[in-house]
Amino acid sequence: MAPLLEISDLRTDINLRRSVVHAVDGVTLHLEAGETLGIVGESGCGKTMTALSVMNLLPAGGHIVGGQVRLAGQVISELDDEAMRRVRGNDIGMIFQDPLTSLNPTMTVGKQIAEAVQLHREVSKEQAMDRAAEVLDLVGLPRSRERISEYPHQFSGGMRQRVMIAMALACEPKLLIADEPTTALDVTIQKQILELIDDLRRRLGMAVILVTHDLGVIAGRADRVAVMYAGKIAETTDTSTLYANPRHPYTEALFHALPDKAAETRERLYSIPGLPPDLTHPPSGCRFAARCRYAADRCREEEPTLRGETAGHEFACFFPVGERERGGLVVSEPGPVEQALPPAPAAGGAVLLAAEHLVKDFPVTRGAVLQRRVGAVSAVANVSFEIRTGETLGLVGESGCGKTTIGRLIVGLEKPTGGAVRFDGKDLVGSRGREYRRQRRSIQYMFQDSYASLDPRMRAGAVLREPLEVQHIGSRRDQDKRIAEMLGHVGLPSTAVDRFPHEFSGGQRQRLGFARALMLSPELIVADEPVSALDVSIQAQVLNLMRDLQTELGLTYLFISHDLAVVRYLSNAIGVMYLGKLVEAGPADEVYLTPAHPYTRGLIDSAPVADPAAEHAKVEAGVRGELPSAIHPPSGCRFRTRCPLAQEICAEVEPVLRPFSVNGHQAACHFPLQPPVAADATATASAPTPLP
């Protein structure tokens, strides 16, 4: 039988005002019914544009200029707009990357799903709404009959993604395209969404295209993988073969950029040098040659074609990974070029920041005029920790656990309900006037969304100059010198001062945000999810940059993330938060390798790893269920409603932090995964204590 989907020599261009972007250039793929194909690569490599070409849902100026897309024997790439509208949503469903911007904020989720059903099926409004409730049940949305009348903003990120999946499945499509469906989601929600898509594929017999930049996401989900670079297929084979024996240097480089192994070996993260080529003028020869550590003259002159030494494993490379002699070149090491070990952050310094019994409650009000207080969101509940000079404390946990609120309390964007924040021994909460401003200058913030945090009307030079002008620091010449110095520190060219934020790539904007945080020579930087939505190669560059500048400038970090592997690579100590509470804390390696709290173990098991065998082995592992409401948190241990070890005492008595090693490893659990240290060492651990 012919494949369900056949893409043959697909070429897609995007016409700009003065140039043409050759976004997809000669892509050939196929997909069988019930099969999952993973398409992986950096941003700008053409993977999303390939998926949109299948849907013929291209951006303004985009059009297919060559090749064919055939679905179930029908050439859909040649259909007119009216005929293609009957295919979209009916035969092909799509899950978009950002559900909040993809869903209509003015329509209830039920009406949005029912709209697609009415468009493709001859049904009444009532029948369409029944179908909406049915598919919401199918994707695991609780109380679907009640929630179909709610709006997108009333759902969490994971719930909105489930609504998007329900909308894509409403008409039982033959093919489901998932475009980065878990980008920037917590590892627990990410695991739930991926399991849901996999389960629905098996139950409904659909084929799935899973587009992602994360090799861990497709490791346990895809049957086959296509690695794309600069609009072309660089390598394609079945998943187990690709992960065991990558042949293209680009594929190998993506694997080496992952933080998992680097955290264990303490090696520097490998980052692919340079940037992908400009596809308005693609380079001759191999498009990866300018960034390839194996490239020879032939690579820059001739374009390699997809070929294979074994059936089903094709790669476009003259000198594939694993061959010691490469066209006359002898490569002594098949792995990445050796890089210097990252400098270890200074340890044992004086306490720079101390949070003491921090509490933050946000009021819940009702009424348009009187605004009566009817409750409170317990965002941070009695959290204490310390950070020493030159060290990095990583805070991890799901969205809603309070880690970002703690960061905002420290930099002064929020005021605590209770407790104290001491910086260099002085109370930040109680200080006022000049002393307060001086202390606040020493603490800067790196925002999660670098684009949203930069004024789109200001050039980079003005963005960096602004804090100096506000603080009346230096003359114009001095400020120019400082701006050039900071751009050099973060690896941006001096010409960047004349560019607007939208003219930078995602990684460059994050570097610009880092430079902005460094302008006032801070001692402490609070980095809130600075790499959560970046490609693995750009993530490696930013993490290495943070390590380098920490040593060079003597910086101290509070690093906030939901990715324990990233936190382990960068941090000396890790604090794990759940629903406003610090449930485990200690040295990074101890917390990651020998967790004492079931929640920490669940976060580790939920995180995807680039190992198909490991991913298949932990299908039932990870944190299950939904995060409880912070307005009415569970009594006793707040994690007990999702904990597999919970017993009656967990609902009655709140556990306190107690030590699990002499190195300061602590956890708050009645039934820990590790035995606590001897009784004499726990004598003083009857109440929450700060990190050592």
# chains A, B, ... in the order shown; residues from 1 in each chain; ligands from 1
>>> closest_atom_pairs(of="stretch 509-553 of chain A", to="stretch 462-478 of chain A", cutoff="9 Å", atoms="only C-alpha atoms", output="JSON lines")
{"residue": "A:Leu512", "atom": "CA", "partner": "A:Leu464", "partner_atom": "CA", "distance": 8.4}
{"residue": "A:Gly513", "atom": "CA", "partner": "A:Leu464", "partner_atom": "CA", "distance": 9.0}
{"residue": "A:Ala515", "atom": "CA", "partner": "A:Leu464", "partner_atom": "CA", "distance": 7.3}
{"residue": "A:Arg516", "atom": "CA", "partner": "A:Leu464", "partner_atom": "CA", "distance": 5.3}
{"residue": "A:Ala517", "atom": "CA", "partner": "A:Leu464", "partner_atom": "CA", "distance": 8.8}
{"residue": "A:Met519", "atom": "CA", "partner": "A:Leu464", "partner_atom": "CA", "distance": 6.8}
{"residue": "A:Leu520", "atom": "CA", "partner": "A:Leu468", "partner_atom": "CA", "distance": 7.1}
>>> select_by_dssp(residues="stretch 367-418 of chain A", states="alpha helix (DSSP H)", output="PyMOL selection string")
chain A and resi 403-411
>>> write_last_selection(atoms="all heavy atoms", output="tab-separated table (two decimals), in the first residue's frame")
chain	number	residue	atom	x	y	z
A	403	LYS	N	8.29	29.81	42.27
A	403	LYS	CA	9.70	30.13	42.04
A	403	LYS	C	9.88	31.51	41.40
A	403	LYS	O	10.77	32.27	41.79
A	403	LYS	CB	10.38	29.04	41.23
A	403	LYS	CG	9.77	28.72	39.88
A	403	LYS	CD	10.41	27.50	39.26
A	403	LYS	CE	9.94	27.29	37.82
A	403	LYS	NZ	8.49	27.03	37.73
A	404	THR	N	9.04	31.86	40.42
A	404	THR	CA	9.14	33.18	39.81
A	404	THR	C	8.74	34.27	40.80
A	404	THR	O	9.35	35.35	40.82
A	404	THR	CB	8.26	33.26	38.55
A	404	THR	OG1	8.80	32.38	37.56
A	404	THR	CG2	8.22	34.67	37.99
A	405	THR	N	7.76	34.00	41.65
A	405	THR	CA	7.36	34.97	42.67
A	405	THR	C	8.52	35.25	43.61
A	405	THR	O	8.74	36.41	44.00
A	405	THR	CB	6.15	34.45	43.47
A	405	THR	OG1	5.07	34.20	42.57
A	405	THR	CG2	5.71	35.46	44.52
A	406	ILE	N	9.29	34.24	43.98
A	406	ILE	CA	10.46	34.45	44.83
A	406	ILE	C	11.46	35.36	44.13
A	406	ILE	O	12.02	36.29	44.73
A	406	ILE	CB	11.10	33.11	45.22
A	406	ILE	CG1	10.27	32.42	46.30
A	406	ILE	CG2	12.54	33.30	45.71
A	406	ILE	CD1	10.81	31.10	46.77
A	407	GLY	N	11.69	35.13	42.83
A	407	GLY	CA	12.59	35.99	42.09
A	407	GLY	C	12.12	37.43	42.08
A	407	GLY	O	12.92	38.36	42.25
A	408	ARG	N	10.83	37.65	41.91
A	408	ARG	CA	10.28	39.01	41.90
A	408	ARG	C	10.35	39.66	43.28
A	408	ARG	O	10.52	40.87	43.40
A	408	ARG	CB	8.85	38.97	41.38
A	408	ARG	CG	8.75	38.56	39.91
A	408	ARG	CD	7.30	38.42	39.45
A	408	ARG	NE	6.59	39.69	39.48
A	408	ARG	CZ	6.58	40.57	38.51
A	408	ARG	NH1	7.28	40.34	37.41
A	408	ARG	NH2	5.91	41.69	38.62
A	409	LEU	N	10.21	38.86	44.34
A	409	LEU	CA	10.35	39.39	45.69
A	409	LEU	C	11.78	39.86	45.94
A	409	LEU	O	12.01	40.90	46.58
A	409	LEU	CB	9.97	38.33	46.72
A	409	LEU	CG	8.49	37.94	46.82
A	409	LEU	CD1	8.33	36.73	47.74
A	409	LEU	CD2	7.65	39.11	47.33
A	410	ILE	N	12.74	39.13	45.42
A	410	ILE	CA	14.14	39.46	45.67
A	410	ILE	C	14.54	40.74	44.94
A	410	ILE	O	15.27	41.57	45.49
A	410	ILE	CB	15.04	38.27	45.27
A	410	ILE	CG1	14.86	37.14	46.29
A	410	ILE	CG2	16.50	38.69	45.18
A	410	ILE	CD1	15.52	35.86	45.91
A	411	VAL	N	14.06	40.93	43.71
A	411	VAL	CA	14.46	42.13	42.97
A	411	VAL	C	13.55	43.32	43.28
A	411	VAL	O	13.78	44.42	42.77
A	411	VAL	CB	14.45	41.87	41.44
A	411	VAL	CG1	15.46	40.81	41.07
A	411	VAL	CG2	13.07	41.50	40.94
>>> select_by_dssp(residues="stretch 262-329 of chain A", states="strand (DSSP E or B)", output="mmCIF file with N, CA, C and O atoms, in the first residue's frame")
data_model
loop_
_atom_site.group_PDB
_atom_site.id
_atom_site.type_symbol
_atom_site.label_atom_id
_atom_site.label_comp_id
_atom_site.auth_asym_id
_atom_site.auth_seq_id
_atom_site.Cartn_x
_atom_site.Cartn_y
_atom_site.Cartn_z
ATOM 1 N N ARG A 307 22.191 10.017 0.829
ATOM 2 C CA ARG A 307 22.592 8.679 0.423
ATOM 3 C C ARG A 307 22.634 7.797 1.661
ATOM 4 O O ARG A 307 22.591 8.290 2.786
ATOM 5 N N GLY A 308 22.725 6.514 1.478
ATOM 6 C CA GLY A 308 22.747 5.625 2.615
ATOM 7 C C GLY A 308 23.630 4.425 2.398
ATOM 8 O O GLY A 308 23.718 3.896 1.282
ATOM 9 N N GLU A 309 24.301 4.003 3.456
ATOM 10 C CA GLU A 309 25.117 2.792 3.398
ATOM 11 C C GLU A 309 24.281 1.562 3.744
ATOM 12 O O GLU A 309 24.634 0.445 3.407
ATOM 13 N N THR A 310 23.174 1.801 4.476
ATOM 14 C CA THR A 310 22.242 0.722 4.805
ATOM 15 C C THR A 310 20.834 1.188 4.458
ATOM 16 O O THR A 310 20.565 2.390 4.384
ATOM 17 N N HIS A 313 18.638 4.380 6.173
ATOM 18 C CA HIS A 313 19.429 5.382 6.890
ATOM 19 C C HIS A 313 20.173 6.222 5.859
ATOM 20 O O HIS A 313 21.165 5.802 5.279
ATOM 21 N N GLU A 314 19.677 7.452 5.624
ATOM 22 C CA GLU A 314 20.250 8.342 4.622
ATOM 23 C C GLU A 314 20.786 9.598 5.289
ATOM 24 O O GLU A 314 20.215 10.092 6.264
ATOM 25 N N PHE A 315 21.894 10.110 4.752
ATOM 26 C CA PHE A 315 22.479 11.337 5.284
ATOM 27 C C PHE A 315 23.176 12.074 4.151
ATOM 28 O O PHE A 315 23.728 11.463 3.229
ATOM 29 N N GLU A 325 39.123 8.513 8.269
ATOM 30 C CA GLU A 325 39.731 9.183 7.129
ATOM 31 C C GLU A 325 38.621 9.830 6.312
ATOM 32 O O GLU A 325 37.730 9.167 5.808
ATOM 33 N N ARG A 326 38.720 11.122 6.163
ATOM 34 C CA ARG A 326 37.657 11.868 5.505
ATOM 35 C C ARG A 326 38.235 12.584 4.279
ATOM 36 O O ARG A 326 38.703 13.713 4.393
ATOM 37 N N LEU A 329 41.624 13.688 4.880
ATOM 38 C CA LEU A 329 41.790 14.278 6.203
ATOM 39 C C LEU A 329 41.730 13.170 7.238
ATOM 40 O O LEU A 329 40.856 12.317 7.184
#
>>> residues_around(residues="A:Leu57", least_positions_apart="5", cutoff="10 Å", atoms="only C-alpha atoms", output="list in words")
Met49, Ala51, Leu52, Gly62, His63, Asp81, Met84, Arg85 and Arg88 of chain A
>>> residues_around(residues="A:Leu558", least_positions_apart="6", cutoff="7 Å", atoms="only C-alpha atoms", output="list in words")
Thr392, Leu393, Gly394, Ile525, Val526 and Ala527 of chain A
>>> closest_atom_pairs(of="stretch 347-465 of chain A", to="stretch 599-603 of chain A", cutoff="12 Å", atoms="only C-alpha atoms", output="JSON lines")
{"residue": "A:Leu395", "atom": "CA", "partner": "A:Thr600", "partner_atom": "CA", "distance": 11.7}
{"residue": "A:Val396", "atom": "CA", "partner": "A:Leu603", "partner_atom": "CA", "distance": 9.1}
{"residue": "A:Gly397", "atom": "CA", "partner": "A:Leu603", "partner_atom": "CA", "distance": 7.8}
{"residue": "A:Glu398", "atom": "CA", "partner": "A:Leu603", "partner_atom": "CA", "distance": 8.6}
{"residue": "A:Cys401", "atom": "CA", "partner": "A:Tyr599", "partner_atom": "CA", "distance": 12.0}
>>> residues_around(residues="A:Leu673", least_positions_apart="5", cutoff="7 Å", atoms="only C-alpha atoms", output="list in words")
Pro595, Ala596, His597 and Pro598 of chain A
>>> closest_residue(among="A:Ala460, A:Ser271, A:Gly349, A:Leu258", to="A:Leu545", atoms="only C-alpha atoms")
A:Ser271
>>> closest_residue(among="A:Ser43, A:Thr280, A:Ser450, A:Ser494", to="A:Arg17", atoms="only C-alpha atoms")
A:Thr280
>>> residues_around(residues="stretch 631-634 of chain A", least_positions_apart="5", cutoff="7 Å", atoms="only C-alpha atoms", output="NGL selection string")
:A and (375-378)
>>> residues_around(residues="A:Thr495", least_positions_apart="4", cutoff="10 Å", atoms="only C-alpha atoms", output="list in words")
Ala460, Gly461, Ala484, Leu487 and Arg499 of chain A
>>> write_last_selection(atoms="C-alpha atoms", output="CSV table (one decimal), in the first residue's frame")
chain,number,residue,atom,x,y,z
A,460,ALA,CA,19.7,48.1,21.4
A,461,GLY,CA,22.0,50.9,22.3
A,484,ALA,CA,30.5,48.5,23.9
A,487,LEU,CA,28.2,43.9,24.1
A,499,ARG,CA,19.3,47.3,15.7
>>> closest_residue(among="A:Met167, A:Ala244, A:Leu518, A:Val135", to="A:Ala613", atoms="only C-alpha atoms")
A:Ala244
>>> closest_atom_pairs(of="stretch 612-682 of chain A", to="stretch 566-579 of chain A", cutoff="8 Å", atoms="only C-alpha atoms", output="JSON lines")
{"residue": "A:Leu627", "atom": "CA", "partner": "A:Leu579", "partner_atom": "CA", "distance": 7.8}
{"residue": "A:Pro628", "atom": "CA", "partner": "A:Leu579", "partner_atom": "CA", "distance": 7.9}
{"residue": "A:Ala630", "atom": "CA", "partner": "A:Leu579", "partner_atom": "CA", "distance": 6.6}
{"residue": "A:Pro633", "atom": "CA", "partner": "A:Leu579", "partner_atom": "CA", "distance": 7.7}
{"residue": "A:Arg638", "atom": "CA", "partner": "A:Leu579", "partner_atom": "CA", "distance": 6.9}
{"residue": "A:Phe639", "atom": "CA", "partner": "A:Tyr578", "partner_atom": "CA", "distance": 7.2}
>>> write_last_selection(atoms="N, CA and C atoms", output="mmCIF file, in the first residue's frame")
data_model
loop_
_atom_site.group_PDB
_atom_site.id
_atom_site.type_symbol
_atom_site.label_atom_id
_atom_site.label_comp_id
_atom_site.auth_asym_id
_atom_site.auth_seq_id
_atom_site.Cartn_x
_atom_site.Cartn_y
_atom_site.Cartn_z
ATOM 1 N N LEU A 627 -1.946 20.147 39.349
ATOM 2 C CA LEU A 627 -1.518 20.943 40.492
ATOM 3 C C LEU A 627 -2.745 21.473 41.233
ATOM 4 N N PRO A 628 -2.836 21.272 42.557
ATOM 5 C CA PRO A 628 -4.000 21.774 43.299
ATOM 6 C C PRO A 628 -4.057 23.298 43.290
ATOM 7 N N ALA A 630 -3.853 26.961 44.587
ATOM 8 C CA ALA A 630 -3.083 27.654 45.623
ATOM 9 C C ALA A 630 -3.980 28.512 46.507
ATOM 10 N N PRO A 633 -4.869 25.300 49.298
ATOM 11 C CA PRO A 633 -3.878 24.221 49.206
ATOM 12 C C PRO A 633 -4.235 23.068 50.128
ATOM 13 N N ARG A 638 1.530 19.442 51.030
ATOM 14 C CA ARG A 638 0.799 19.948 49.872
ATOM 15 C C ARG A 638 0.915 19.020 48.658
ATOM 16 N N PHE A 639 1.903 18.134 48.661
ATOM 17 C CA PHE A 639 2.093 17.220 47.529
ATOM 18 C C PHE A 639 1.294 15.925 47.688
#
>>> closest_residue(among="A:Val208, A:Thr188, A:Leu5, A:Ala540", to="A:Arg642", atoms="only C-alpha atoms")
A:Thr188
>>> closest_residue(among="A:Thr251, A:Ser606, A:Thr36, A:Ser629", to="A:Thr641", atoms="only C-alpha atoms")
A:Ser629
>>> closest_residue(among="A:Glu391, A:Asn544, A:Ala420, A:Glu302", to="A:Val359", atoms="only C-alpha atoms")
A:Ala420
